[in-house]
$ cat query-v4.pdb   # PDB, C-alpha atoms
MODEL        1
ATOM      1  CA  MET U   1      13.922  67.686 130.643  1.00  0.00           C
ATOM      2  CA  SER U   2      11.110  70.194 130.524  1.00  0.00           C
ATOM      3  CA  PRO U   3       9.805  71.658 127.305  1.00  0.00           C
ATOM      4  CA  ALA U   4      10.971  75.131 128.418  1.00  0.00           C
ATOM      5  CA  ALA U   5      14.501  73.845 129.013  1.00  0.00           C
ATOM      6  CA  ILE U   6      14.485  72.123 125.629  1.00  0.00           C
ATOM      7  CA  ALA U   7      13.313  75.358 123.981  1.00  0.00           C
ATOM      8  CA  LEU U   8      15.962  77.328 125.845  1.00  0.00           C
ATOM      9  CA  VAL U   9      18.712  74.884 124.800  1.00  0.00           C
ATOM     10  CA  SER U  10      17.431  75.038 121.206  1.00  0.00           C
ATOM     11  CA  ILE U  11      17.510  78.859 121.221  1.00  0.00           C
ATOM     12  CA  ILE U  12      20.994  78.924 122.787  1.00  0.00           C
ATOM     13  CA  SER U  13      22.202  76.355 120.236  1.00  0.00           C
ATOM     14  CA  ALA U  14      20.754  78.448 117.391  1.00  0.00           C
ATOM     15  CA  VAL U  15      22.375  81.615 118.738  1.00  0.00           C
ATOM     16  CA  VAL U  16      25.748  79.845 119.168  1.00  0.00           C
ATOM     17  CA  ALA U  17      25.480  78.422 115.638  1.00  0.00           C
ATOM     18  CA  ALA U  18      24.593  81.866 114.236  1.00  0.00           C
ATOM     19  CA  VAL U  19      27.510  83.507 116.069  1.00  0.00           C
ATOM     20  CA  ALA U  20      29.868  80.757 114.893  1.00  0.00           C
ATOM     21  CA  ALA U  21      28.656  81.172 111.299  1.00  0.00           C
ATOM     22  CA  TYR U  22      29.078  84.960 111.506  1.00  0.00           C
ATOM     23  CA  VAL U  23      32.584  84.656 112.977  1.00  0.00           C
ATOM     24  CA  GLY U  24      33.453  82.102 110.289  1.00  0.00           C
ATOM     25  CA  HIS U  25      32.142  84.487 107.623  1.00  0.00           C
ATOM     26  CA  LEU U  26      34.223  87.360 109.044  1.00  0.00           C
ATOM     27  CA  LEU U  27      37.345  85.206 109.179  1.00  0.00           C
ATOM     28  CA  THR U  28      36.799  84.012 105.603  1.00  0.00           C
ATOM     29  CA  ARG U  29      36.255  87.579 104.406  1.00  0.00           C
ATOM     30  CA  ARG U  30      39.346  88.773 106.249  1.00  0.00           C
ATOM     31  CA  SER U  31      41.408  85.908 104.855  1.00  0.00           C
ATOM     32  CA  THR U  32      40.202  86.705 101.326  1.00  0.00           C
ATOM     33  CA  ARG U  33      41.007  90.396 101.782  1.00  0.00           C
ATOM     34  CA  GLU U  34      44.484  89.558 103.113  1.00  0.00           C
ATOM     35  CA  SER U  35      45.032  87.192 100.179  1.00  0.00           C
ATOM     36  CA  ASN U  36      44.032  89.958  97.776  1.00  0.00           C
ATOM     37  CA  ILE U  37      46.336  92.417  99.521  1.00  0.00           C
ATOM     38  CA  THR U  38      49.166  89.896  99.419  1.00  0.00           C
ATOM     39  CA  ALA U  39      48.530  89.300  95.721  1.00  0.00           C
ATOM     40  CA  ASP U  40      48.474  93.056  95.088  1.00  0.00           C
ATOM     41  CA  TRP U  41      51.779  93.535  96.899  1.00  0.00           C
ATOM     42  CA  THR U  42      53.293  90.607  95.052  1.00  0.00           C
ATOM     43  CA  ALA U  43      52.217  92.133  91.724  1.00  0.00           C
ATOM     44  CA  PHE U  44      53.543  95.517  92.835  1.00  0.00           C
ATOM     45  CA  ALA U  45      56.891  94.037  93.842  1.00  0.00           C
ATOM     46  CA  GLU U  46      57.140  92.200  90.516  1.00  0.00           C
ATOM     47  CA  ALA U  47      56.348  95.406  88.630  1.00  0.00           C
ATOM     48  CA  GLN U  48      59.055  97.190  90.636  1.00  0.00           C
ATOM     49  CA  LYS U  49      61.584  94.492  89.732  1.00  0.00           C
ATOM     50  CA  ILE U  50      60.758  94.916  86.042  1.00  0.00           C
ATOM     51  CA  ALA U  51      60.889  98.717  86.297  1.00  0.00           C
ATOM     52  CA  THR U  52      64.233  98.533  88.110  1.00  0.00           C
ATOM     53  CA  ALA U  53      65.649  96.191  85.473  1.00  0.00           C
ATOM     54  CA  ASN U  54      64.465  98.538  82.716  1.00  0.00           C
ATOM     55  CA  LEU U  55      65.941 101.517  84.526  1.00  0.00           C
ATOM     56  CA  GLU U  56      69.265  99.743  85.005  1.00  0.00           C
ATOM     57  CA  ALA U  57      69.354  98.851  81.304  1.00  0.00           C
ATOM     58  CA  THR U  58      68.577 102.462  80.384  1.00  0.00           C
ATOM     59  CA  VAL U  59      71.260 103.823  82.724  1.00  0.00           C
ATOM     60  CA  GLN U  60      73.793 101.341  81.338  1.00  0.00           C
ATOM     61  CA  ARG U  61      72.911 102.289  77.736  1.00  0.00           C
ATOM     62  CA  GLN U  62      73.142 105.988  78.549  1.00  0.00           C
ATOM     63  CA  GLY U  63      76.474 105.436  80.284  1.00  0.00           C
ATOM     64  CA  SER U  64      77.757 103.739  77.158  1.00  0.00           C
ATOM     65  CA  GLU U  65      76.465 106.609  75.010  1.00  0.00           C
ATOM     66  CA  ILE U  66      78.144 109.146  77.299  1.00  0.00           C
ATOM     67  CA  THR U  67      81.416 107.236  77.040  1.00  0.00           C
ATOM     68  CA  ASN U  68      81.116 107.207  73.237  1.00  0.00           C
ATOM     69  CA  GLN U  69      80.346 110.933  73.188  1.00  0.00           C
ATOM     70  CA  GLY U  70      83.326 111.608  75.466  1.00  0.00           C
ATOM     71  CA  GLU U  71      85.610 109.680  73.125  1.00  0.00           C
ATOM     72  CA  ARG U  72      84.175 111.588  70.153  1.00  0.00           C
ATOM     73  CA  ILE U  73      84.722 114.928  71.904  1.00  0.00           C
ATOM     74  CA  ASN U  74      88.317 113.995  72.713  1.00  0.00           C
ATOM     75  CA  ARG U  75      88.934 112.961  69.082  1.00  0.00           C
ATOM     76  CA  LEU U  76      87.388 116.207  67.769  1.00  0.00           C
ATOM     77  CA  ASP U  77      89.400 118.225  70.289  1.00  0.00           C
ATOM     78  CA  ARG U  78      92.636 116.622  69.048  1.00  0.00           C
ATOM     79  CA  MET U  79      91.598 117.283  65.433  1.00  0.00           C
ATOM     80  CA  LEU U  80      90.856 120.938  66.273  1.00  0.00           C
ATOM     81  CA  ARG U  81      94.256 121.386  67.936  1.00  0.00           C
ATOM     82  CA  ASP U  82      95.943 119.790  64.900  1.00  0.00           C
ATOM     83  CA  GLU U  83      94.035 122.074  62.515  1.00  0.00           C
ATOM     84  CA  GLN U  84      94.850 125.160  64.595  1.00  0.00           C
ATOM     85  CA  LYS U  85      98.523 124.206  64.616  1.00  0.00           C
ATOM     86  CA  ARG U  86      98.460 123.666  60.848  1.00  0.00           C
ATOM     87  CA  PHE U  87      96.666 127.018  60.395  1.00  0.00           C
ATOM     88  CA  ARG U  88      99.302 128.870  62.448  1.00  0.00           C
ATOM     89  CA  LEU U  89     102.068 127.172  60.444  1.00  0.00           C
ATOM     90  CA  ALA U  90     100.361 128.103  57.163  1.00  0.00           C
ATOM     91  CA  ILE U  91      99.989 131.747  58.230  1.00  0.00           C
ATOM     92  CA  SER U  92     103.643 131.808  59.278  1.00  0.00           C
ATOM     93  CA  PHE U  93     104.634 130.306  55.924  1.00  0.00           C
ATOM     94  CA  ILE U  94     102.517 132.873  54.004  1.00  0.00           C
ATOM     95  CA  ARG U  95     104.155 135.735  55.924  1.00  0.00           C
ATOM     96  CA  GLU U  96     107.605 134.336  55.205  1.00  0.00           C
ATOM     97  CA  LEU U  97     106.703 133.802  51.546  1.00  0.00           C
ATOM     98  CA  LEU U  98     105.445 137.393  51.187  1.00  0.00           C
ATOM     99  CA  ARG U  99     108.693 138.709  52.750  1.00  0.00           C
ATOM    100  CA  TRP U 100     110.679 136.467  50.373  1.00  0.00           C
ATOM    101  CA  ILE U 101     108.753 137.797  47.348  1.00  0.00           C
ATOM    102  CA  GLU U 102     109.339 141.424  48.453  1.00  0.00           C
ATOM    103  CA  HIS U 103     113.051 140.758  48.880  1.00  0.00           C
ATOM    104  CA  HIS U 104     113.757 138.525  45.851  1.00  0.00           C
ATOM    105  CA  VAL U 105     111.250 139.816  43.332  1.00  0.00           C
ATOM    106  CA  PRO U 106     111.295 143.610  43.728  1.00  0.00           C
ATOM    107  CA  GLY U 107     108.689 145.503  41.754  1.00  0.00           C
ATOM    108  CA  GLN U 108     106.361 142.535  41.413  1.00  0.00           C
ATOM    109  CA  GLN U 109     103.092 142.549  43.291  1.00  0.00           C
ATOM    110  CA  PRO U 110     102.366 139.254  45.168  1.00  0.00           C
ATOM    111  CA  PRO U 111      98.900 137.734  44.873  1.00  0.00           C
ATOM    112  CA  GLU U 112      96.182 139.445  46.913  1.00  0.00           C
ATOM    113  CA  VAL U 113      95.643 137.926  50.362  1.00  0.00           C
ATOM    114  CA  PRO U 114      92.040 136.725  50.787  1.00  0.00           C
ATOM    115  CA  GLU U 115      89.844 138.917  53.013  1.00  0.00           C
ATOM    116  CA  SER U 116      89.373 136.167  55.598  1.00  0.00           C
ATOM    117  CA  LEU U 117      93.148 135.947  56.093  1.00  0.00           C
ATOM    118  CA  LYS U 118      94.131 139.661  55.980  1.00  0.00           C
ATOM    119  CA  GLU U 119      93.940 140.044  59.779  1.00  0.00           C
ATOM    120  CA  GLU U 120      96.129 136.968  60.280  1.00  0.00           C
ATOM    121  CA  VAL U 121      98.769 137.805  57.679  1.00  0.00           C
TER
ENDMDL
END
$ encode --input "query-v4.pdb" --output "structure tokens"
Amino acid sequence: MSPAAIALVSIISAVVAAVAAYVGHLLTRRSTRESNITADWTAFAEAQKIATANLEATVQRQGSEITNQGERINRLDRMLRDEQKRFRLAISFIRELLRWIEHHVPGQQPPEVPESLKEEV
């Protein structure tokens, strides 16, 4: 083989080796970048799972609080209706009592009705 052919083969071998090294470097860099992206997505997905679990716990707690508030409102509503009924009965009784006093105790003045009740009585 001639020295020129040997030199040409050496140059071609060097160029092929350089191209192979460059391609290997690009593939390694791409693989590393894809690994990093995969790791980032994995971390993101894990963070989303945690956030979803926290959100579900919060929604469940709030649902329980809403149920408790609804029960409290219903209880207070019943108490209000009972108090209003008792108030109407008391006003009716006071009216009847005042009529009874006027009829059975003529000439006597009944006690003064409080200002807050004058419109009702």
$ closest_residue --input "query-v4.pdb" --among "U:Gln84, U:Gly63, U:Val121, U:Glu34" --to "Glu96 of chain U" --atoms "only C-alpha atoms"
U:Val121
$ atom_distance --input "query-v4.pdb" --atom1 "atom CA of Ser92 of chain U" --atom2 "atom CA of Ser116 of chain U"
15.4 Å
$ closest_residue --input "query-v4.pdb" --among "U:Ile12, U:Leu26, U:Leu117, U:Ile66" --to "Arg88 of chain U" --atoms "all atoms listed in the file"
U:Leu117
$ atom_distance --input "query-v4.pdb" --atom1 "atom CA of Leu97 of chain U" --atom2 "atom CA of Glu119 of chain U"
16.4 Å
$ atom_distance --input "query-v4.pdb" --atom1 "atom CA of Pro110 of chain U" --atom2 "atom CA of Leu98 of chain U"
7.0 Å
$ residues_around --input "query-v4.pdb" --residues "Lys118 of chain U" --least-positions-apart "5" --cutoff "12 Å" --atoms "only C-alpha atoms" --output "number ranges by chain"
U: 91, 94-95, 112-113
$ axis_aligned_box --input "query-v4.pdb" --around "segment 70-88 of chain U" --padding-each-side "5 Å" --output "AutoDock Vina command-line options"
--center_x 91.3 --center_y 119.3 --center_z 67.9 --size_x 26.0 --size_y 29.2 --size_z 25.1
